[in-house]
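Asker: My structure is in start_21.cif, and what it holds is mmCIF, C-alpha atoms (C1' of nucleotides):
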```cif
data_work
loop_
_atom_site.label_atom_id
_atom_site.label_comp_id
_atom_site.auth_asym_id
_atom_site.auth_seq_id
_atom_site.Cartn_x
_atom_site.Cartn_y
_atom_site.Cartn_z
CA MET H 403 131.15 113.94 76.12
CA ASP H 404 128.83 116.34 74.40
CA ARG H 405 128.39 119.59 76.32
CA ARG H 406 124.64 119.38 75.76
CA GLN H 407 124.44 116.07 77.52
CA GLN H 408 126.40 117.27 80.53
CA LYS H 409 124.24 120.33 80.77
CA THR H 410 120.91 118.48 80.77
CA ARG H 411 122.24 115.80 83.08
CA ALA H 412 123.33 118.47 85.54
CA ALA H 413 120.01 120.28 85.21
CA ILE H 414 118.11 117.09 85.97
CA PHE H 415 120.26 116.23 88.98
CA SER H 416 119.94 119.75 90.28
CA ALA H 417 116.18 119.87 89.86
CA PHE H 418 115.81 116.45 91.45
CA THR H 419 117.95 117.38 94.46
CA ASP H 420 116.00 120.56 94.82
CA LEU H 421 112.66 118.79 94.76
CA LEU H 422 113.89 116.23 97.28
CA SER H 423 114.52 118.98 99.78
CA ARG H 424 110.86 119.92 99.58
CA LYS H 425 108.96 116.65 99.26
CA SER H 426 109.41 112.94 99.60
CA TYR H 427 110.86 110.83 96.82
CA SER H 428 107.67 108.89 96.25
CA HIS H 429 105.64 112.03 95.83
CA ILE H 430 107.95 113.54 93.26
CA THR H 431 106.75 112.91 89.73
CA VAL H 432 108.85 112.67 86.62
CA GLN H 433 106.72 115.47 85.28
CA GLU H 434 107.83 117.74 88.11
CA ILE H 435 111.47 116.91 87.53
CA ILE H 436 111.07 117.67 83.84
CA ASP H 437 109.39 120.98 84.56
CA ALA H 438 111.91 122.00 87.20
CA ALA H 439 114.87 121.03 85.06
CA ASP H 440 113.24 122.67 82.08
CA VAL H 441 114.03 119.86 79.69
CA GLY H 442 111.85 118.00 77.23
CA ARG H 443 110.04 114.89 78.31
CA THR H 444 111.84 112.88 75.67
CA THR H 445 115.17 114.21 76.84
CA PHE H 446 114.61 112.98 80.37
CA TYR H 447 113.83 109.49 79.19
CA ALA H 448 116.84 109.55 76.90
CA HIS H 449 119.04 110.01 79.98
CA PHE H 450 117.25 107.90 82.58
CA GLU H 451 114.96 104.95 82.22
CA THR H 452 112.83 105.79 85.22
CA LYS H 453 112.80 107.92 88.36
CA ASP H 454 114.40 105.02 90.24
CA ASP H 455 117.19 104.98 87.72
CA LEU H 456 117.80 108.66 88.32
CA LEU H 457 117.96 108.03 92.06
CA ARG H 458 120.46 105.24 91.55
CA ALA H 459 122.63 107.44 89.35
CA LEU H 460 122.55 110.24 91.89
CA CYS H 461 123.58 107.94 94.72
CA GLU H 462 126.38 106.55 92.64
CA LYS H 463 127.71 109.97 91.81
CA LEU H 464 127.51 111.24 95.38
CA PHE H 465 128.85 108.35 97.37
CA GLY H 466 131.25 107.12 94.74
CA HIS H 467 132.98 110.46 95.06
CA ILE H 468 133.01 110.80 98.82
CA ILE H 469 134.07 107.23 99.49
CA SER H 470 136.85 107.15 96.94
CA SER H 471 138.10 110.41 98.33
CA ALA H 472 138.18 108.87 101.79
CA ALA H 473 139.91 105.77 100.44
CA ASP H 474 142.62 107.99 98.95
CA CYS H 475 143.04 109.64 102.31
CA THR H 476 143.77 106.31 103.96
CA HIS H 477 146.45 105.56 101.39
CA THR H 478 148.30 108.71 102.27
CA HIS H 479 147.64 108.95 106.00
CA GLY H 480 146.76 105.42 107.04
CA LEU H 481 143.48 104.53 108.64
CA TYR H 482 144.22 106.17 111.91
CA SER H 483 147.18 108.32 112.66
CA ASP H 484 147.19 107.04 116.21
CA GLY H 485 147.56 109.58 118.94
CA ALA H 486 149.60 112.25 117.25
CA ALA H 487 147.54 113.60 114.37
CA PRO H 488 143.77 114.01 114.73
CA GLU H 489 143.19 112.63 111.24
CA SER H 490 141.03 109.55 110.79
CA VAL H 491 138.97 108.36 107.84
CA PHE H 492 135.93 109.20 109.88
CA CYS H 493 137.07 112.71 110.50
CA HIS H 494 137.88 113.06 106.83
CA LEU H 495 134.39 111.90 105.87
CA LEU H 496 132.79 114.26 108.36
CA GLN H 497 134.82 117.18 107.09
CA HIS H 498 133.71 116.40 103.58
CA LEU H 499 130.12 116.40 104.73
CA GLN H 500 130.59 119.59 106.70
CA GLU H 501 131.75 121.30 103.54
CA ASN H 502 128.38 120.26 102.17
CA ASP H 503 130.12 118.27 99.53
CA ARG H 504 127.88 118.07 96.47
CA ASN H 505 124.83 118.99 98.51
CA ILE H 506 125.02 115.64 100.20
CA ILE H 507 123.81 117.12 103.48
CA ALA H 508 120.59 118.25 101.87
CA LEU H 509 119.92 114.73 100.71
CA LEU H 510 120.77 113.18 104.04
CA SER H 511 118.42 115.52 105.84
CA CYS H 512 115.53 115.37 103.42
CA GLU H 513 112.31 113.51 104.01
CA SER H 514 113.57 110.54 102.01
CA SER H 515 116.92 110.41 103.71
CA GLU H 516 116.56 106.67 104.40
CA LEU H 517 117.21 106.02 100.74
CA PHE H 518 120.49 107.90 100.82
CA LEU H 519 121.51 106.67 104.24
CA ARG H 520 121.14 103.08 103.16
CA CYS H 521 123.24 103.77 100.09
CA PHE H 522 125.79 105.63 102.19
CA LYS H 523 126.09 102.72 104.56
CA ASP H 524 126.55 100.24 101.74
CA SER H 525 129.36 102.31 100.26
CA LEU H 526 130.90 102.78 103.67
CA ASN H 527 130.72 99.10 104.45
CA GLY H 528 132.98 98.34 101.52
CA LEU H 529 135.47 100.95 102.65
CA ILE H 530 135.51 99.81 106.26
CA GLN H 531 135.80 96.20 105.21
CA THR H 532 138.92 96.71 103.11
CA GLN H 533 140.54 99.07 105.59
CA PHE H 534 139.64 97.36 108.84
CA ALA H 535 139.82 93.69 107.96
CA ASP H 536 143.13 93.17 109.72
CA ARG H 537 142.45 95.38 112.70
CA CYS H 538 139.31 93.90 114.16
CA ARG H 539 140.34 90.38 114.91
CA ASN H 540 138.50 90.77 118.16
CA ARG H 541 137.96 88.01 120.74
CA ASP H 542 134.57 86.35 120.52
CA ILE H 543 132.71 88.85 118.35
CA PRO H 544 132.49 87.90 114.66
CA GLN H 545 134.39 90.18 112.34
CA ASP H 546 131.51 90.99 110.04
CA PHE H 547 129.39 91.86 113.04
CA LEU H 548 132.02 94.38 113.99
CA ILE H 549 132.34 95.79 110.49
CA ASN H 550 128.60 96.23 110.35
CA HIS H 551 128.58 97.80 113.79
CA ILE H 552 131.16 100.36 112.78
CA SER H 553 129.65 101.42 109.49
CA GLY H 554 126.13 101.20 110.87
CA SER H 555 126.75 103.37 113.88
CA PHE H 556 128.77 105.85 111.86
CA VAL H 557 125.84 106.37 109.55
CA GLU H 558 123.43 106.63 112.47
CA MET H 559 125.71 109.17 114.06
CA VAL H 560 125.75 111.26 110.88
CA LEU H 561 121.97 111.20 110.84
CA TRP H 562 121.85 112.29 114.49
CA TRP H 563 124.34 115.04 113.74
CA ILE H 564 122.42 116.37 110.78
CA ARG H 565 119.05 116.17 112.52
CA GLY H 566 120.54 118.15 115.38
CA HIS H 567 121.61 120.83 112.87
CA ARG H 568 125.30 119.94 112.95
CA LYS H 569 126.10 121.78 116.13
CA GLN H 570 129.27 119.77 116.76
CA SER H 571 132.47 120.15 114.81
CA PRO H 572 133.65 117.20 112.73
CA GLU H 573 136.59 116.90 115.13
CA ALA H 574 134.35 116.65 118.19
CA LEU H 575 132.15 114.10 116.50
CA ASP H 576 135.20 112.12 115.52
CA ARG H 577 136.26 112.06 119.17
CA TYR H 578 132.88 110.76 120.27
CA PHE H 579 132.87 108.14 117.60
CA ARG H 580 136.35 106.91 118.41
CA ALA H 581 135.37 106.79 122.07
CA VAL H 582 132.61 104.31 121.31
CA ILE H 583 134.47 102.33 118.65
CA GLU H 584 138.14 102.17 119.52
CA PRO H 585 137.66 100.09 122.70
CA LEU H 586 136.52 97.31 120.38
CA LEU H 587 139.61 97.15 118.19
CA MET V 833 83.72 97.43 117.07
CA ASP V 834 82.03 96.10 114.02
CA ARG V 835 83.39 92.73 112.98
CA ARG V 836 83.29 93.83 109.36
CA GLN V 837 85.65 96.68 110.05
CA GLN V 838 88.17 94.50 111.81
CA LYS V 839 87.99 91.97 109.03
CA THR V 840 88.62 94.41 106.20
CA ARG V 841 91.31 96.17 108.17
CA ALA V 842 93.05 92.87 108.75
CA ALA V 843 92.62 91.85 105.12
CA ILE V 844 94.17 95.10 103.95
CA PHE V 845 97.12 94.84 106.35
CA SER V 846 97.68 91.25 105.33
CA ALA V 847 97.53 91.97 101.61
CA PHE V 848 99.83 94.94 102.03
CA THR V 849 102.39 92.97 104.04
CA ASP V 850 102.23 90.23 101.46
CA LEU V 851 102.81 92.61 98.59
CA LEU V 852 105.71 94.26 100.41
CA SER V 853 107.52 90.94 100.51
CA ARG V 854 107.42 90.83 96.72
CA LYS V 855 107.93 94.39 95.56
CA SER V 856 109.02 97.78 96.80
CA TYR V 857 106.64 100.12 98.56
CA SER V 858 106.75 102.73 95.84
CA HIS V 859 105.84 100.20 93.18
CA ILE V 860 102.82 98.87 95.01
CA THR V 861 99.60 100.50 93.85
CA VAL V 862 96.46 101.00 95.88
CA GLN V 863 94.71 99.02 93.17
CA GLU V 864 96.92 96.01 93.86
CA ILE V 865 96.25 96.21 97.58
CA ILE V 866 92.54 96.40 96.90
CA ASP V 867 92.67 93.40 94.59
CA ALA V 868 94.82 91.33 96.93
CA ALA V 869 92.70 92.17 99.97
CA ASP V 870 89.58 91.58 97.91
CA VAL V 871 87.79 94.64 99.17
CA GLY V 872 85.98 97.40 97.33
CA ARG V 873 87.82 100.49 96.26
CA THR V 874 85.51 102.65 98.34
CA THR V 875 86.10 100.47 101.37
CA PHE V 876 89.84 100.96 101.21
CA TYR V 877 89.50 104.71 101.14
CA ALA V 878 87.01 104.57 104.00
CA HIS V 879 89.75 103.02 106.15
CA PHE V 880 92.86 104.80 104.95
CA GLU V 881 93.31 108.15 103.34
CA THR V 882 96.23 107.10 101.19
CA LYS V 883 98.84 104.38 100.81
CA ASP V 884 101.14 106.41 103.04
CA ASP V 885 98.46 106.47 105.70
CA LEU V 886 98.24 102.68 105.53
CA LEU V 887 102.00 102.43 105.96
CA ARG V 888 101.90 104.70 108.97
CA ALA V 889 99.10 102.67 110.56
CA LEU V 890 100.99 99.44 109.96
CA CYS V 891 104.17 100.79 111.55
CA GLU V 892 102.21 102.04 114.50
CA LYS V 893 100.56 98.70 115.06
CA LEU V 894 103.77 96.71 114.72
CA PHE V 895 106.20 98.76 116.72
CA GLY V 896 103.72 100.00 119.22
CA HIS V 897 103.14 96.41 120.17
CA ILE V 898 106.73 95.20 120.26
CA ILE V 899 108.04 98.21 122.14
CA SER V 900 105.34 98.30 124.76
CA SER V 901 105.84 94.59 125.27
CA ALA V 902 109.53 95.18 125.86
CA ALA V 903 108.76 98.01 128.23
CA ASP V 904 106.42 95.75 130.20
CA CYS V 905 109.08 93.06 130.35
CA THR V 906 111.34 95.33 132.28
CA HIS V 907 108.68 95.66 134.98
CA THR V 908 107.37 92.11 135.14
CA HIS V 909 110.15 89.67 135.91
CA GLY V 910 109.31 86.03 135.44
CA LEU V 911 107.62 86.39 132.11
CA TYR V 912 110.08 83.84 130.78
CA SER V 913 110.68 82.02 134.02
CA ASP V 914 112.69 79.08 132.64
CA GLY V 915 116.44 78.85 132.75
CA ALA V 916 117.00 80.90 129.61
CA ALA V 917 115.34 84.00 130.97
CA PRO V 918 116.17 87.15 129.04
CA GLU V 919 118.57 89.27 130.96
CA SER V 920 118.19 92.40 128.91
CA VAL V 921 115.56 94.33 127.02
CA PHE V 922 117.61 93.68 123.91
CA CYS V 923 117.36 89.96 124.29
CA HIS V 924 113.65 90.26 124.83
CA LEU V 925 113.24 92.30 121.66
CA LEU V 926 115.32 89.84 119.68
CA GLN V 927 113.28 86.92 120.93
CA HIS V 928 110.11 88.68 119.89
CA LEU V 929 111.55 89.16 116.45
CA GLN V 930 112.77 85.57 116.28
CA GLU V 931 109.22 84.40 116.93
CA ASN V 932 108.39 86.42 113.83
CA ASP V 933 106.09 88.55 115.83
CA ARG V 934 103.36 89.86 113.54
CA ASN V 935 105.43 89.17 110.48
CA ILE V 936 107.73 91.93 111.46
CA ILE V 937 110.72 90.05 110.09
CA ALA V 938 109.18 89.98 106.63
CA LEU V 939 108.84 93.75 106.72
CA LEU V 940 112.36 94.30 108.00
CA SER V 941 113.81 92.14 105.26
CA CYS V 942 111.72 93.41 102.38
CA GLU V 943 112.93 95.70 99.65
CA SER V 944 111.51 98.72 101.45
CA SER V 945 112.92 97.79 104.83
CA GLU V 946 114.40 101.27 105.32
CA LEU V 947 110.92 102.58 105.95
CA PHE V 948 110.32 100.13 108.75
CA LEU V 949 113.83 100.33 110.15
CA ARG V 950 113.56 104.06 110.55
CA CYS V 951 110.26 103.67 112.33
CA PHE V 952 111.70 100.89 114.48
CA LYS V 953 114.57 103.07 115.53
CA ASP V 954 112.31 105.95 116.43
CA SER V 955 110.21 103.72 118.66
CA LEU V 956 113.31 102.18 120.15
CA ASN V 957 114.83 105.54 120.89
CA GLY V 958 112.03 106.35 123.31
CA LEU V 959 112.44 103.03 125.06
CA ILE V 960 116.20 103.30 125.38
CA GLN V 961 115.91 106.82 126.66
CA THR V 962 113.74 105.77 129.60
CA GLN V 963 115.81 102.66 130.29
CA PHE V 964 119.28 104.13 130.11
CA ALA V 965 118.83 107.78 130.92
CA ASP V 966 120.29 107.32 134.41
CA ARG V 967 123.03 104.89 133.42
CA CYS V 968 124.88 106.83 130.79
CA ARG V 969 125.74 110.13 132.32
CA ASN V 970 129.33 109.35 133.17
CA ARG V 971 131.47 110.60 130.30
CA ASP V 972 132.59 113.39 128.13
CA ILE V 973 130.29 111.95 125.50
CA PRO V 974 126.88 113.68 125.34
CA GLN V 975 124.04 111.58 126.63
CA ASP V 976 121.84 111.88 123.56
CA PHE V 977 124.77 110.86 121.41
CA LEU V 978 125.00 107.70 123.44
CA ILE V 979 121.25 107.03 123.35
CA ASN V 980 121.32 107.44 119.59
CA HIS V 981 124.37 105.21 119.33
CA ILE V 982 122.65 102.44 121.25
CA SER V 983 119.33 102.44 119.43
CA GLY V 984 121.02 103.09 116.10
CA SER V 985 123.45 100.24 116.33
CA PHE V 986 120.80 97.91 117.69
CA VAL V 987 118.67 98.52 114.63
CA GLU V 988 121.67 98.13 112.34
CA MET V 989 122.50 94.88 114.06
CA VAL V 990 118.97 93.59 113.53
CA LEU V 991 119.26 94.44 109.85
CA TRP V 992 122.59 92.60 109.63
CA TRP V 993 121.09 89.64 111.42
CA ILE V 994 118.07 89.41 109.15
CA ARG V 995 120.09 89.93 105.96
CA GLY V 996 122.35 87.09 107.11
CA HIS V 997 119.28 84.90 107.46
CA ARG V 998 119.20 84.95 111.26
CA LYS V 999 121.87 82.33 111.77
CA GLN V 1000 122.64 83.48 115.31
CA SER V 1001 120.39 82.88 118.28
CA PRO V 1002 118.89 85.92 120.02
CA GLU V 1003 121.04 85.05 123.02
CA ALA V 1004 124.26 85.07 121.01
CA LEU V 1005 123.32 88.33 119.35
CA ASP V 1006 122.54 89.81 122.73
CA ARG V 1007 126.02 88.85 123.90
CA TYR V 1008 127.65 90.53 120.90
CA PHE V 1009 125.59 93.62 121.39
CA ARG V 1010 126.34 93.90 125.05
CA ALA V 1011 130.00 93.41 124.28
CA VAL V 1012 130.01 96.51 122.10
CA ILE V 1013 127.68 98.61 124.24
CA GLU V 1014 128.25 97.81 127.90
CA PRO V 1015 131.83 99.15 128.00
CA LEU V 1016 130.27 102.55 127.40
CA LEU V 1017 127.88 102.57 130.33
"C1'" DA L 247 63.02 93.39 113.79
"C1'" DT L 248 65.10 97.37 112.62
"C1'" DA L 249 67.97 101.56 112.43
"C1'" DG L 250 72.42 102.63 111.51
"C1'" DA L 251 76.83 101.44 109.96
"C1'" DA L 252 79.77 99.23 106.54
"C1'" DA L 253 80.80 97.31 102.09
"C1'" DT L 254 80.09 97.35 97.19
"C1'" DG L 255 80.69 98.40 92.12
"C1'" DA L 256 80.28 101.55 88.52
"C1'" DA L 257 81.60 105.70 86.83
"C1'" DC L 258 84.26 109.98 86.87
"C1'" DA L 259 87.91 113.63 86.06
"C1'" DA L 260 92.45 114.48 86.76
"C1'" DA L 261 97.09 113.38 86.69
"C1'" DG L 262 101.11 110.59 85.54
"C1'" DT L 263 103.74 107.19 82.65
"C1'" DG L 264 106.59 105.83 78.98
"C1'" DT L 265 106.76 105.82 74.06
"C1'" DT L 266 106.68 107.44 69.10
"C1'" DC L 267 107.40 110.70 65.47
"C1'" DG L 268 108.86 114.58 62.87
"C1'" DC L 269 111.37 118.67 63.43
"C1'" DT L 270 115.13 121.89 64.95
"C1'" DA L 271 119.49 123.19 67.17
"C1'" DT L 272 124.04 122.15 68.18
"C1'" DC L 273 128.36 119.87 67.95
"C1'" DA L 274 132.78 117.94 66.27
"C1'" DA L 275 135.51 116.87 62.68
"C1'" DA L 276 137.03 117.00 57.86
"C1'" DT U 1133 132.50 125.92 56.14
"C1'" DT U 1134 130.25 122.29 55.13
"C1'" DT U 1135 128.36 118.10 56.72
"C1'" DG U 1136 126.87 113.99 59.08
"C1'" DA U 1137 125.76 112.82 63.50
"C1'" DT U 1138 123.91 113.62 67.84
"C1'" DA U 1139 120.95 115.86 71.29
"C1'" DG U 1140 116.93 118.18 72.45
"C1'" DC U 1141 112.18 119.50 71.62
"C1'" DG U 1142 107.04 119.17 71.90
"C1'" DA U 1143 102.84 117.24 70.61
"C1'" DA U 1144 100.29 113.30 70.68
"C1'" DC U 1145 99.55 108.54 72.00
"C1'" DA U 1146 97.39 104.68 74.81
"C1'" DC U 1147 97.68 103.41 79.02
"C1'" DT U 1148 97.45 103.14 84.31
"C1'" DT U 1149 96.56 105.10 88.80
"C1'" DT U 1150 94.25 108.04 91.90
"C1'" DG U 1151 90.70 109.65 94.88
"C1'" DT U 1152 85.90 110.76 94.82
"C1'" DT U 1153 80.69 110.37 94.20
"C1'" DC U 1154 76.49 107.86 94.52
"C1'" DA U 1155 72.97 104.54 94.65
"C1'" DT U 1156 72.45 99.99 96.36
"C1'" DT U 1157 73.08 95.94 99.12
"C1'" DT U 1158 74.54 93.51 103.29
"C1'" DC U 1159 75.63 93.02 107.93
"C1'" DT U 1160 75.57 93.99 113.16
"C1'" DA U 1161 74.39 95.57 117.52
"C1'" DT U 1162 70.74 96.09 120.49
#
```
For the structure just supplied, provide its representation as structure tokens.

Answerer:
Amino acid sequence: MDRRQQKTRAAIFSAFTDLLSRKSYSHITVQEIIDAADVGRTTFYAHFETKDDLLRALCEKLFGHIISSAADCTHTHGLYSDGAAPESVFCHLLQHLQENDRNIIALLSCESSELFLRCFKDSLNGLIQTQFADRCRNRDIPQDFLINHISGSFVEMVLWWIRGHRKQSPEALDRYFRAVIEPLL
Amino acid sequence: MDRRQQKTRAAIFSAFTDLLSRKSYSHITVQEIIDAADVGRTTFYAHFETKDDLLRALCEKLFGHIISSAADCTHTHGLYSDGAAPESVFCHLLQHLQENDRNIIALLSCESSELFLRCFKDSLNGLIQTQFADRCRNRDIPQDFLINHISGSFVEMVLWWIRGHRKQSPEALDRYFRAVIEPLL
DNA sequence: ATAGAAATGAACAAAGTGTTCGCTATCAAA
DNA sequence: TTTGATAGCGAACACTTTGTTCATTTCTAT
């Protein structure tokens, strides 16, 4: 791909992320993004159809990366390394977040975090579904209820963690999470 | 209060709710709300400062009602005195939703449901805190983690339920939920 | 019946949207 | 190094939306 394209695309993403940390999505104008990214109006619209399209692209980039990275981790380590090693997909995800992977934390703590959280959960749901399908054949609770419960409460936990300024280590959080989830498997 | 005020306020809420079922919050214009509610432009701005203000007022009305009703239920036993009396606050909340209380379902299933879900969870958090504060102090899991886990996964469950077209009865849902939550208390 | 409150519609400036057009700068490949 | 193609630029565009003002009409509470 043309270097120029990459450069403007990156500038737009960066400006957008930056603006999101200061004001809500709906109050950000395309004009502001253009000004902050210092690109021509025409250039913006050559890359993205609308502001919504930009948001979609950003979500895709962010969560596509983090989820596929987590999926890779399960191929090499398995979903849980029961007992012995402290490594779980959840811990892996949390560590990625802790490292502020691609400024994802900023987006999950911004005023419009719902947008990203919802997207995060959707991505996560797919991951959990493929990885957990066999493991949660649980008594009288429907499987998709359980899948939803796991991905839903993981996302809610992340939000709680971030809102509380990430005082806990990923490992501690992982312990808490497993304490509330593992009894169900 | 002046009847005219109540009437326009209701007309605006109704039009807004109606529009939300068809398009996303950010794509709804004040002009559309005005047209749908059939009120003057000046009248709208006499009632609400902005579209955001209208959203806030709507959330307040909806969740203020449902939560305080649930809180009351815990004090007044015999509200539903037949055989299928709700045994938990959760069941009570679900039954309220099932009765499509104030069109709340429409708002929780609309394109912009994140906005309402987040507000729902915030209201719920207060309720859960008062209800469960004494019951969940028995572990190496922090109490506010647990409170967040409960309200968070309840809200996520409601979303799952609504997205799946509410096939389960409130009672069945309540059983599932208690199955994943009660082991922790 | 009337004073005060509420609703109305027209008009307004300001800001934002998404598009077109002609021009320039940059790139990749021959 | 030349060259054709691609990307970016900025001005201008017609358009919509916003939030406000103001004079006027209608309703309501007492």

Asker: Show me, as JSON lines, the residues of chain L having an atom within 12 Å of chain H, each with the closest atom pair and its distance in Å, using only C-alpha atoms (C1' of nucleotides).

Answerer:
```
{"residue": "L:DA261", "atom": "C1'", "partner": "H:Gln433", "partner_atom": "CA", "distance": 10.0}
{"residue": "L:DG262", "atom": "C1'", "partner": "H:Thr431", "partner_atom": "CA", "distance": 7.4}
{"residue": "L:DT263", "atom": "C1'", "partner": "H:Val432", "partner_atom": "CA", "distance": 8.5}
{"residue": "L:DG264", "atom": "C1'", "partner": "H:Tyr447", "partner_atom": "CA", "distance": 8.1}
{"residue": "L:DT265", "atom": "C1'", "partner": "H:Thr444", "partner_atom": "CA", "distance": 8.8}
{"residue": "L:DT266", "atom": "C1'", "partner": "H:Thr444", "partner_atom": "CA", "distance": 10.0}
{"residue": "L:DC267", "atom": "C1'", "partner": "H:Thr444", "partner_atom": "CA", "distance": 11.3}
{"residue": "L:DA271", "atom": "C1'", "partner": "H:Arg406", "partner_atom": "CA", "distance": 10.7}
{"residue": "L:DT272", "atom": "C1'", "partner": "H:Arg406", "partner_atom": "CA", "distance": 8.1}
{"residue": "L:DC273", "atom": "C1'", "partner": "H:Asp404", "partner_atom": "CA", "distance": 7.4}
{"residue": "L:DA274", "atom": "C1'", "partner": "H:Asp404", "partner_atom": "CA", "distance": 9.2}
```

Asker: For C-alpha atoms (C1' of nucleotides), I'd like the residues from the last selection saved as a compact mmCIF listing (two decimals), in the coordinates of the input.

Answerer:
```txt
# COMPACT_ATOMS: atom_id res chain seq x y z
C1' DA L 261 97.09 113.38 86.69
C1' DG L 262 101.11 110.59 85.54
C1' DT L 263 103.74 107.19 82.65
C1' DG L 264 106.59 105.83 78.98
C1' DT L 265 106.76 105.82 74.06
C1' DT L 266 106.68 107.44 69.10
C1' DC L 267 107.40 110.70 65.47
C1' DA L 271 119.49 123.19 67.17
C1' DT L 272 124.04 122.15 68.18
C1' DC L 273 128.36 119.87 67.95
C1' DA L 274 132.78 117.94 66.27
```

Asker: To one decimal place, how far is CA of Ile1013 (chain V) from CA of Arg565 (chain H) in Å?

Answerer: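 So the answer is 22.8 Å.
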
Asker: By how many Å are CA of Leu894 (chain V) and CA of Arg934 (chain V) apart?

Answerer: 7.0 Å

Asker: Evaluate the PyMOL selection byres ((chain V and resi 889) around 12) and record the selected residues as a PyMOL selection string, following the chain and residue labels used in the document.

Answerer: chain V and resi 841-842+844-845+848+879-888+890-896+948+951

Asker: Do a least-squares overlay of chain V on chain H, C-alpha atoms all paired in order, then report the RMSD in Å.

Answerer: 2.6 Å

Asker: Determine which residues of chain V sit within 6 Å of chain H, taking into account only C-alpha atoms, and present them as a list in words.

Answerer: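 Close to chain H, chain V has Glu946, Ile973, Gly984, Ser985, Glu988 and Tyr1008 of chain V.
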
Asker: Since the input is missing atoms, can you rebuild N, CA and C atoms for region 457-468 of chain H and write them as a PDB file, keeping the file's coordinate frame?

Answerer:
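Saved to result-v6.pdb:
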```
ATOM      1  N   LEU H 457     117.541 108.118  90.662  1.00  0.00           N
ATOM      2  CA  LEU H 457     117.960 108.030  92.060  1.00  0.00           C
ATOM      3  C   LEU H 457     119.258 107.238  92.197  1.00  0.00           C
ATOM      4  N   ARG H 458     119.290 106.113  91.518  1.00  0.00           N
ATOM      5  CA  ARG H 458     120.460 105.240  91.550  1.00  0.00           C
ATOM      6  C   ARG H 458     121.705 105.986  91.053  1.00  0.00           C
ATOM      7  N   ALA H 459     121.520 106.688  89.933  1.00  0.00           N
ATOM      8  CA  ALA H 459     122.630 107.440  89.350  1.00  0.00           C
ATOM      9  C   ALA H 459     123.127 108.523  90.293  1.00  0.00           C
ATOM     10  N   LEU H 460     122.189 109.177  90.952  1.00  0.00           N
ATOM     11  CA  LEU H 460     122.550 110.240  91.890  1.00  0.00           C
ATOM     12  C   LEU H 460     123.355 109.682  93.057  1.00  0.00           C
ATOM     13  N   CYS H 461     122.877 108.594  93.618  1.00  0.00           N
ATOM     14  CA  CYS H 461     123.580 107.940  94.720  1.00  0.00           C
ATOM     15  C   CYS H 461     124.993 107.563  94.317  1.00  0.00           C
ATOM     16  N   GLU H 462     125.085 106.995  93.132  1.00  0.00           N
ATOM     17  CA  GLU H 462     126.380 106.550  92.640  1.00  0.00           C
ATOM     18  C   GLU H 462     127.353 107.716  92.549  1.00  0.00           C
ATOM     19  N   LYS H 463     126.871 108.789  91.987  1.00  0.00           N
ATOM     20  CA  LYS H 463     127.710 109.970  91.810  1.00  0.00           C
ATOM     21  C   LYS H 463     128.175 110.493  93.169  1.00  0.00           C
ATOM     22  N   LEU H 464     127.217 110.661  94.076  1.00  0.00           N
ATOM     23  CA  LEU H 464     127.510 111.240  95.380  1.00  0.00           C
ATOM     24  C   LEU H 464     128.473 110.396  96.195  1.00  0.00           C
ATOM     25  N   PHE H 465     128.087 109.154  96.439  1.00  0.00           N
ATOM     26  CA  PHE H 465     128.850 108.350  97.370  1.00  0.00           C
ATOM     27  C   PHE H 465     130.103 107.769  96.745  1.00  0.00           C
ATOM     28  N   GLY H 466     130.038 107.554  95.432  1.00  0.00           N
ATOM     29  CA  GLY H 466     131.250 107.120  94.740  1.00  0.00           C
ATOM     30  C   GLY H 466     132.346 108.133  94.980  1.00  0.00           C
ATOM     31  N   HIS H 467     131.993 109.399  94.886  1.00  0.00           N
ATOM     32  CA  HIS H 467     132.980 110.460  95.060  1.00  0.00           C
ATOM     33  C   HIS H 467     133.517 110.531  96.483  1.00  0.00           C
ATOM     34  N   ILE H 468     132.603 110.591  97.437  1.00  0.00           N
ATOM     35  CA  ILE H 468     133.010 110.800  98.820  1.00  0.00           C
ATOM     36  C   ILE H 468     133.796 109.619  99.373  1.00  0.00           C
TER      37      ILE H 468
END
```
